[in-house]
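As structure tokens, the structure follows; a few thoughts come after it.
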Amino acid sequence: MERKTGYLANILNVPPLIFRFQFNPEILAEKKSYRYQQANAFGQWGFDQASAARGLLATAAGLYKDVKEIGSLLVATKPLEAIEGELRTFELEFKLDASVPGPLDGDDHYGGSIAPDLALLRSFVNPSYDLLDTVKIFSGNVPCLTRPPELTLNYAGLSTTCVMTDLTIKMVAFKDNGDPLRAEVTTTLKEQTFSHAPIVEFVTRHVDVARSYGRKGIGTDFLANTPIVGNFV
């Protein structure tokens, strides 16, 4: 199988930033949270939703919700209501080594240096211009350097627009002239939802969910998770 490497990149930055992992990350942790709050009140239970519905299917759906409301009353605990999602966070750990070439480096890694790697990584946490800012400059409106560039995390089946919120570079070995020889890098990325990436991922996620239905025994899985079978058998 052809080896695929990972990237942190922004090709619309000035200058373009394309960090290719010398050695793919050993750890990639993904965290996604969603905020909930308890409802303000229980309300008075009854077959209100079923009574208000019109049509057989709508009445059945209303009855289903009415029955679910009994659960909160039985345990005297207000139900949860969904509020909004928290930003998805990625944490990566990887290594850099000037003494050996990476699998895609050829004979050496930048002539035996990790300085270009470090410069690329540091660029993601320092303000810079993008192509739109450059257009403004030529029009006589020089924008202030106020924000670091966004980046695309392309690795492990992910292609997600993010911002780099934390960067830790631990230099663990040095050359005789003091230049870094090896380094261990830890970085935290937060998903930027103001982008096209969530749209693409919405589609690919549902495609992969559909693929999960092709596994052996899926019919038994569905039966085991119906309300009656799952709770009473």
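Note on naming: chains are A, B, ... as they come in the structure tokens, residues start from 1 per chain, ligands start from 1 in the order shown.
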
List as CSV every residue of region 72-149 of chain A that is in contact with region 173-192 of chain A, defined as an atom at most 7 Å from one of its atoms (using only C-alpha atoms), together with the nearest atom pair and the distance in Å rounded to one decimal, sorted by chain and then rising number.
residue,atom,partner,partner_atom,distance
A:Leu87,CA,A:Glu191,CA,5.9
A:Arg88,CA,A:Glu191,CA,5.3
A:Thr89,CA,A:Lys190,CA,4.6
A:Phe90,CA,A:Leu189,CA,5.0
A:Glu91,CA,A:Thr188,CA,4.6
A:Leu92,CA,A:Thr187,CA,5.4
A:Glu93,CA,A:Thr186,CA,4.6
A:Phe94,CA,A:Val185,CA,5.4
A:Lys95,CA,A:Glu184,CA,4.6
A:Leu96,CA,A:Ala183,CA,5.1
A:Asp97,CA,A:Arg182,CA,4.4
A:Ala98,CA,A:Leu181,CA,5.2
A:Ser99,CA,A:Leu181,CA,6.8
A:Ser113,CA,A:Leu181,CA,7.0
A:Ile114,CA,A:Leu181,CA,7.0

Q.
Could you list, as a list in words, every residue within 8 Å of region 149-166 of chain A, counting only C-alpha atoms and ignoring same-chain residues fewer than 6 positions away?
A.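 Non-adjacent residues within range: Thr5, Gly6, Tyr7, Leu8, Ala9, Asn10, Asn13, Ser123, Phe124, Val125, Asn126, Pro127, Ser128, Tyr129, Asp130, Thr187, Thr188, Leu189, Lys190, Glu191, Gln192, Thr193, Ser195, Ala197 and Pro198 of chain A.
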
Please return as a PDB file with C-alpha atoms, in the first residue's frame: the residues of region 121-173 of chain A that backbone DSSP assigns to alpha helix (DSSP H).
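Here's the written file selection_33.pdb:
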ATOM      1  CA  LEU A 121       5.000  25.479  12.709  1.00  0.00           C
ATOM      2  CA  ARG A 122       5.697  28.831  14.352  1.00  0.00           C
ATOM      3  CA  SER A 123       4.049  30.593  11.424  1.00  0.00           C
ATOM      4  CA  LEU A 131      -4.182  36.695  -0.459  1.00  0.00           C
ATOM      5  CA  LEU A 132      -7.197  38.881   0.356  1.00  0.00           C
ATOM      6  CA  ASP A 133      -5.045  41.037   2.632  1.00  0.00           C
ATOM      7  CA  THR A 134      -2.525  41.378  -0.183  1.00  0.00           C
ATOM      8  CA  VAL A 135      -5.232  42.713  -2.504  1.00  0.00           C
ATOM      9  CA  LYS A 136      -6.128  45.297   0.125  1.00  0.00           C
ATOM     10  CA  ILE A 137      -2.479  46.335   0.373  1.00  0.00           C
ATOM     11  CA  PHE A 138      -2.288  47.022  -3.370  1.00  0.00           C
TER      12      PHE A 138
END

Q) Which residues in region 66-178 of chain A does DSSP call strand (DSSP E or B)? List them as an MDAnalysis selection string. A) chainID A and resid 80:85 89:97 129:130 151:155 158:174

Give me, as a JSON list (two decimals) with C-alpha atoms, in the first residue's frame, all polymer residues having an atom no more than 8 Å from Gln37 (chain A), counting only C-alpha atoms and skipping those fewer than 2 positions away in the same chain.
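Heads up, here's the output in selection21.json:
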[["chain", "number", "residue", "atom", "x", "y", "z"],
["A", 35, "ARG", "CA", -23.65, 21.56, 25.76],
["A", 39, "ALA", "CA", -35.47, 22.18, 31.07],
["A", 80, "LEU", "CA", -31.96, 17.78, 29.21],
["A", 81, "GLU", "CA", -32.29, 20.15, 26.28],
["A", 82, "ALA", "CA", -29.60, 20.53, 23.62],
["A", 83, "ILE", "CA", -28.05, 24.02, 23.44]]

Q) In Å, how far is it from CA of Pro103 (chain A) to CA of Arg3 (chain A)? A)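 Taking CA of Pro103 (chain A) as the start and CA of Arg3 (chain A) as the end point, the length is 8.5 Å.
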
Q. How many Å lie between CA of Ala115 (chain A) and CA of Pro16 (chain A), rounded to one decimal?
A.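 Taking CA of Ala115 (chain A) and CA of Pro16 (chain A), their separation equals 16.8 Å.
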
Q | Å distance separating CA of Ala60 (chain A) from CA of Asp48 (chain A), one decimal place | A |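 Separation of CA of Ala60 (chain A) and CA of Asp48 (chain A): 12.2 Å.
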